[in-house]
Amino acid sequence: MNNYKEPKKNPFAGIFTIKNLITGVLFAVALKLFSSRTADYDLFGHLKTGEMLLNDFGLLKKEIFSFTASDAYVVNHEWLSQMLLAYLHKLFGATGLIVMKISVGMASAFTLYRIITSKTKNIIVLPLVFLLAVQALSRGFLFRPQIFSYLYLLILAYLFATYDEKGKYFYIVPGIFLFWVNMHGAFVAGLAFLFLFLVSKTVDFYKVSGKGFYKSKEFLTLAAICFLSLMITLLNPYGIKLYSYIAYEMSLGISRQYITEWQPFTFAMREMPFFITLIIYIASLIFSKERVTLKDLLIPMSAAALGLTSVRHTPIFAIMAAGVISDRLGYIADTLRVGNNAQDTYSPAERYTKIFLTLVIVLFLYISTGPGLPDKRAIYLEGDPYPVDTVNFIRVNGLKGKLWLPHNYGMYAIYYLYPDTKVSIDGRWATVYPKELMQDAMDFSFSDDIKKKFRILQKYRPQMLMVEHDNNINDWLLKSNIFRLIYRGKVVNLYTWKNYELPKTLTAPKQEEYYSLK
């Protein structure tokens with residue numbers, strides 16, 4: 001009698017492999033990076049505008065939030081994103097915004113993963129490219145409409161990377177642009193990359209078919225998709241005017257002079273992922289023995305040029321270069337026979353590696369979603385200084401009128417003080433305000449010329465002034481017989497003209513260590 005029993009198979013053997021655990025670590029790290037709950041200044045303006053769009057069911061083409069550009073024509077290229085943000089906030093509070101941001105982030109991470117794995121399965125190249133790209137993306141992954149552009153760019157990059165194998169999916173491109181054009185102005189970058197892709201493929205078609213390439217079905221289909229994508233971007237509330245506005249904003253020298261995210265690349269620490277990725281991209285082209293195609297150069301180098309001229313565009317390069325870097329590094333790694341052995345074994349080293357990777361996943365998941373966070377359902381105002389107490393002071397005491405303030409505080413003030421108070425300027429910047437006003441606002445904040453600042457106040461005649469503590473006009477205002485200090489806030493001082501009528505008693509707002517949006 002045969003008593004032999006076949007050993008039981010481990011049902012989890014195919015799940016807890018080194019490759020799968022590495023993938024789990026990558027997505028856990030992505031979740032950590034994309035789950036930041038810190039607000040930025042623009043969120044509040046997006047919410048207020050979205051609320052008004054939902055309530056009135058109409059676009060705000062005339063300026064209503066400021067006293068300096070009243071009734072000016074407004075090009076709001078983010079209106080659909082703002083409606084979505086406001087709707088989620090209305091239904092679910094800050095939780096809805098957090099879930100949306102994390103969902104878009106993880107969809108972006110998944111698309112990035114698919115781009116890389118479409119080019120290489122190497123377990124060394126995969127985490128290297130993935131983590132560099134995710135780190136570059138995370139610096140701009142805020143509660144802002146631009147996160148939708150990152151996702152759309154990644155989808156486009158995936159379609160580029162897999163075109164030769166999965167060209168049938170390219171038919172969705174016009175549909176992407178139909179939404180994108182109404183959600184964020186970076187659709188123009190996507191459109192530019194799409195036509196660069198068409199140029200590179202046209203060269204390939206010519207090499208294969210000669211002068212008659214333009215008669216081929218594949219070329220005609222691709223050209224038709226690109227043309228339809230261009231035409232479909234005109235389906236926005238502003239039509240062709242949207243393009244002229246974007247061209248105007250891109251050409252503004254004052255933005256590069258004063259707005260941090262519009263300034264050119266420097267070797268600041270937060271910009272290092274972009275620089276490292278650029279070096280790896282160039283090195284991969286040099287040391288890989290594969291033939292360099294026009295597509296490998298044209299699209300990533302154009303994205304690199306955008307990143308070098310403006311740091312807000314550095315994530316775009318990480319997106320558009322990921323496929324090329326993965327392909328080239330994968331080829332080099334295969335040639336050197338490094339990182340291809342991902343078989344599941346039962347050696348002690350393999351077992352300890354699995355335990356370590358599992359602990360890393362648990363750690364990052366805990367940091368991202370665990371009880372260590374003060375309140376998982378809130379968005380915090382801790383990343384940048386906010387004039388929270390000063391805005392509360394204005395609200396509590398029912399102060400109304402025209403408020404001059406630094407541009408980065410404008411959207412926060414609009415959210416809490418409109419319609420009783422109108423601001424001088426805010427983060428919408430070129431969307432609303434003329435260049436002369438933008439320059440006056442920057443001169444008031446940064447110029448050393450006190451007389452010039454006083455002339456600016458005389459020019460616009462605000463009733464209240466919100467002045468940062470390091471502004472050199474504070475001393476002059478305190479000694480002036482024209483203005484009076486009515487509140488000394490944590491971030492700014494609040495002044496009024498002496499003839500401004502105040503309540504008989506002024507109430508100080510409740511002071512808190514930090515504030516949150518719930």
# chains A, B, ... in the order shown; residues from 1 in each chain; ligands from 1
call {"tool": "closest_atom_pairs", "arguments": {"of": "segment 417-489 of chain A", "to": "segment 498-501 of chain A", "cutoff": "9 Å", "atoms": "only C-alpha atoms", "output": "Markdown table"}}
result
| residue | atom | partner | partner_atom | distance |
| --- | --- | --- | --- | --- |
| A:Gln463 | CA | A:Tyr500 | CA | 6.7 |
| A:Met464 | CA | A:Tyr500 | CA | 8.4 |
| A:Asn481 | CA | A:Lys498 | CA | 7.7 |
| A:Ile482 | CA | A:Lys498 | CA | 5.6 |
| A:Phe483 | CA | A:Lys498 | CA | 5.1 |
| A:Arg484 | CA | A:Lys498 | CA | 5.9 |
call {"tool": "residues_around", "arguments": {"residues": "segment 260-262 of chain A", "least_positions_apart": "3", "cutoff": "7 Å", "atoms": "only C-alpha atoms", "output": "list in words"}}
result
Ser255, Arg256, Ser310, Val311 and Arg312 of chain A
call {"tool": "closest_residue", "arguments": {"among": "A:Asp327, A:Asp443, A:Asp420, A:Glu271", "to": "Asn122 of chain A", "atoms": "only C-alpha atoms"}}
result
A:Asp327
call {"tool": "residues_around", "arguments": {"residues": "segment 165-182 of chain A", "least_positions_apart": "3", "cutoff": "8 Å", "atoms": "only C-alpha atoms", "output": "PyMOL selection string"}}
result
chain A and resi 77-81+148-149+152+156+159+162+185+187+225-226+228-229+232-233+235-236
call {"tool": "closest_residue", "arguments": {"among": "A:Asn493, A:Thr266, A:Thr421, A:Thr390", "to": "Leu403 of chain A", "atoms": "only C-alpha atoms"}}
result
A:Thr421
call {"tool": "atom_distance", "arguments": {"atom1": "atom CA of Val203 of chain A", "atom2": "atom CA of Phe219 of chain A"}}
result
10.5 Å
call {"tool": "residues_around", "arguments": {"residues": "Lys453 of chain A", "least_positions_apart": "2", "cutoff": "12 Å", "atoms": "only C-alpha atoms", "output": "NGL selection string"}}
result
:A and (404 or 439-451 or 455-461 or 465 or 467 or 471-474 or 476-477)
call {"tool": "atom_distance", "arguments": {"atom1": "atom CA of Phe34 of chain A", "atom2": "atom CA of Ala109 of chain A"}}
result
9.3 Å
call {"tool": "residues_around", "arguments": {"residues": "Leu60 of chain A", "least_positions_apart": "6", "cutoff": "12 Å", "atoms": "only C-alpha atoms", "output": "list in words"}}
result
Lys48, Thr49, Gly50, Glu51, Met52, Leu53, Leu54, Asp71, Ala72, Tyr73, Val74, Val75, Asn76, His77, Glu78, Trp79, Gln82, Pro237, Tyr238, Thr431 and Val432 of chain A
call {"tool": "closest_residue", "arguments": {"among": "A:Ser36, A:Thr353, A:Ser326, A:Ser118", "to": "Leu132 of chain A", "atoms": "only C-alpha atoms"}}
result
A:Ser326
